[in-house]
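Scroll down for the structure; my scribbles are underneath it.
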Amino acid sequence: MLEIKALGHTYADGHRALTGIDLGLERGELVCLVGPSGCGKSTLLRCIAGLQRPTEGTVLLEGQAVERVPDGLAVVFQDYTRSLFPWLSVRDNVALVLRRRGLARAARRAAAEEALEAVGLAAAARKYPWQLSGGMQQRAAIARALAYRPQLLLMDEPFGSVDAQTREDLEDLLLSVRGDHGMTILLVTHDIDESVYVGDRVVVLTGAPGSVHTDLPVRLPSPRDQIGTREDPAFVALRAEVGRAVRRT
Amino acid sequence: MKAARRIAGRVWLAVLLLAVWELAARTADDLYFPPPTEIASAVRELWWSGPASRLFLSDKALDDFGPSLTHLLVGWALAAALGIAVGVAIGLSRVLAELFDPVLQVGRAIPPPTLIPFFMVVFGLGTDMQVATIVFGAVWPVLLNTVDGVRGVDPLHLDAARVFGLSRTTRLFRVVLPAAAPKAAAGLRVALGFALILMVIAELMGAGGGIGAHLNDAERGFRPVELWAGIALLGIIGYVLNGIFLLAERRFIGHHRERQA
């Protein structure tokens, strides 16, 4: 459903962030993108989201070239403290994006509360984002993205700045909702364990300018389990393989 | 008890200064420098000796405050509407910003009172001239702060709004304006102070009623206590307006304040 062809991007100051990226995602897949910091992962996501025009190559979503922000796309940004609107309650943050689905005000609020309940935030619906902990804010950002019912969900290091326990909870939350509405997910992370734990495939990018180094399928049994999966010899072997690939970049 | 101590902690200096002033004025016994108690009783007699049914406001109070405060609030409201509308347009558009920048820089550098003679010629003496003066002076802080606020919207908020397909109107009213609100509100508060100053200047220069006319009368009639009473009254009005504004600000965009705290 997502096809990236020979994508490259050079910034106006001459910095070459990405080069020759070829990558395809099937419907319903959860693909993790890992790579050293500064390898252009965020630039790649911005190009896919239509927030930025790549200088080379194309991005096709359902066969359509992405030229501006496409319909049916949601993003969970890395910096949750700045991506939620601080002047709206958590519920209204979610309800705001439901305008696109053409719901009336009351229906939007109801749907927003439902989405918050699904991520365990029902009690915080009327609070403002800045009244919540980092993990709860990121949960709210995920609820907002899910309530939007995207066909393609992009996540930019979504669990990068929360504590370890919250991180595991959020990973499992992601795994539990991934099947909903045939959503396809592309998750950028710098955490190798995380990429193997949640992904169907792990794509390793090389350092700047970023290009695809390795594309590894993850064949681990579902449902995954924070303890069991992580001690599975297949998990350990894969993690080592991804780790070596990242080192070699 | 605790509250009493907190209030005492805040007002002791003001009380002390008043006491010193009172003592100094009584010792000097100078006609031009009446003691504060005399000024206070003049304020009460002039403006607060009316019937209880209208909050003790005297006839003179209605005559003085009515036109003054109407001009002030109408002028300020017009300045606010104009400043926010133009400020948002300029803040959103780089082309407009570059086009208007020299005009704004020159416009805000003109001391508003210098335009009073011109406004007198155009509008004659009276309400229009006074309101025009207030609008011209008060519009700048609102406009410039709004431009600043709109330009300062977090790019990530704008990205999020675009990603989630918000329409231009929704983006403006639900993202850009709320994000710019604290800065715009700061501009509105400064503008309120400007409006009060310009209201008095316009009244002092032009004929007609209002507190400025009272000051002129007191000066010509050589009544220094009444002159001081007018000055004190303006101080009180400025203080009260600012207080009301702060309450309204806290009520409407208080969450910004708390977030920053």
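Ordered as shown in the structure tokens, chains take letters A, B, and onward, while each chain numbers its residues from 1 and ligands are numbered from 1 in the order shown.
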
Please, which residues of chain B lie no more than 9 Å from chain A when the count uses only C-alpha atoms, and can they be set out as a count of residues only? 22

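Within 8 Å of B:Val135, once only C-alpha atoms are used and residues closer than 2 positions along the same chain are dropped, the contacting residues are B:Gly75, B:Trp76, B:Leu78, B:Ala79, B:Val131, B:Ala132, B:Thr133, B:Gly137, B:Ala138, B:Val139, B:Ala195.
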
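If only C-alpha atoms are the atoms counted, then among A:His190, A:Arg201, A:Arg248, A:Arg53 the closest residue to A:Leu30 is A:Arg201.
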
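Atom CA of B:Gly210 is found 21.4 Å from atom CA of B:Ile244.
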
Could you list, as a PyMOL selection string, every residue within 10 Å of A:Ala118, counting only C-alpha atoms and ignoring same-chain residues fewer than 5 positions away? chain A and resi 112-113+139+143+146-147+173+177

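Atom CA of B:Pro34 is found 25.7 Å from atom CA of B:Met199.
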
Surrounding residues of A:Thr189 excluding itself and chain neighbours under 6 positions, 12 Å, only C-alpha atoms, as an MDAnalysis selection string: chainID A and resid 31:37 39:42 45 77:78 154:161 171 195:199 202:205

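Nearest residue to A:Asp215 among A:Ala245, A:Gly182, A:Gly228, A:Asn93 is A:Ala245, counting only C-alpha atoms.
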
Which residues are close to stretch 218-228 of chain B, i.e. within 8 Å by only C-alpha atoms, leaving aside same-chain residues fewer than 4 positions away? Reply as a ChimeraX atom specification. /B:31-34,38-39,42-43,214,232

Grab the residues selected above and save them as a PDB file, in the first residue's frame with N, CA, C and O atoms.
ATOM      1  N   LEU B  31      -0.327  74.988  49.606  1.00  0.00           N
ATOM      2  CA  LEU B  31      -1.589  74.964  48.880  1.00  0.00           C
ATOM      3  C   LEU B  31      -1.570  73.981  47.711  1.00  0.00           C
ATOM      4  O   LEU B  31      -2.567  73.341  47.405  1.00  0.00           O
ATOM      5  N   TYR B  32      -0.396  73.860  47.080  1.00  0.00           N
ATOM      6  CA  TYR B  32      -0.306  72.997  45.885  1.00  0.00           C
ATOM      7  C   TYR B  32      -0.165  71.523  46.230  1.00  0.00           C
ATOM      8  O   TYR B  32      -0.311  70.679  45.367  1.00  0.00           O
ATOM      9  N   PHE B  33       0.197  71.238  47.466  1.00  0.00           N
ATOM     10  CA  PHE B  33       0.395  69.839  47.846  1.00  0.00           C
ATOM     11  C   PHE B  33      -0.510  69.474  49.010  1.00  0.00           C
ATOM     12  O   PHE B  33      -0.055  69.370  50.147  1.00  0.00           O
ATOM     13  N   PRO B  34      -1.787  69.253  48.734  1.00  0.00           N
ATOM     14  CA  PRO B  34      -2.718  68.899  49.815  1.00  0.00           C
ATOM     15  C   PRO B  34      -2.422  67.493  50.318  1.00  0.00           C
ATOM     16  O   PRO B  34      -1.924  66.660  49.566  1.00  0.00           O
ATOM     17  N   GLU B  38      -7.236  64.805  52.383  1.00  0.00           N
ATOM     18  CA  GLU B  38      -8.072  65.838  51.746  1.00  0.00           C
ATOM     19  C   GLU B  38      -8.432  65.437  50.323  1.00  0.00           C
ATOM     20  O   GLU B  38      -9.552  65.656  49.862  1.00  0.00           O
ATOM     21  N   ILE B  39      -7.420  64.892  49.626  1.00  0.00           N
ATOM     22  CA  ILE B  39      -7.669  64.447  48.239  1.00  0.00           C
ATOM     23  C   ILE B  39      -8.746  63.367  48.245  1.00  0.00           C
ATOM     24  O   ILE B  39      -9.686  63.396  47.450  1.00  0.00           O
ATOM     25  N   ALA B  42     -12.075  64.755  48.797  1.00  0.00           N
ATOM     26  CA  ALA B  42     -12.528  65.461  47.592  1.00  0.00           C
ATOM     27  C   ALA B  42     -13.044  64.463  46.550  1.00  0.00           C
ATOM     28  O   ALA B  42     -14.079  64.677  45.917  1.00  0.00           O
ATOM     29  N   VAL B  43     -12.314  63.352  46.400  1.00  0.00           N
ATOM     30  CA  VAL B  43     -12.754  62.308  45.454  1.00  0.00           C
ATOM     31  C   VAL B  43     -14.144  61.832  45.838  1.00  0.00           C
ATOM     32  O   VAL B  43     -15.040  61.713  45.005  1.00  0.00           O
ATOM     33  N   HIS B 214     -12.728  67.875  33.652  1.00  0.00           N
ATOM     34  CA  HIS B 214     -12.696  68.192  35.090  1.00  0.00           C
ATOM     35  C   HIS B 214     -11.329  68.746  35.473  1.00  0.00           C
ATOM     36  O   HIS B 214     -11.223  69.723  36.221  1.00  0.00           O
ATOM     37  N   ALA B 232      -5.885  61.288  41.146  1.00  0.00           N
ATOM     38  CA  ALA B 232      -6.075  60.077  41.947  1.00  0.00           C
ATOM     39  C   ALA B 232      -7.133  59.181  41.320  1.00  0.00           C
ATOM     40  O   ALA B 232      -6.967  57.959  41.223  1.00  0.00           O
TER      41      ALA B 232
END

Taking 6 positions as the minimum chain separation for residues in the same chain, which residues sit within 10 Å of stretch 102-116 of chain B when counting only C-alpha atoms? Answer as a PyMOL selection string. chain B and resi 122-123+125+129-130+132-141+143-144+194+197-198+201-202+205-206

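Interatomic distance, atom CA of B:Leu177 to atom CA of B:Val240: 27.2 Å.
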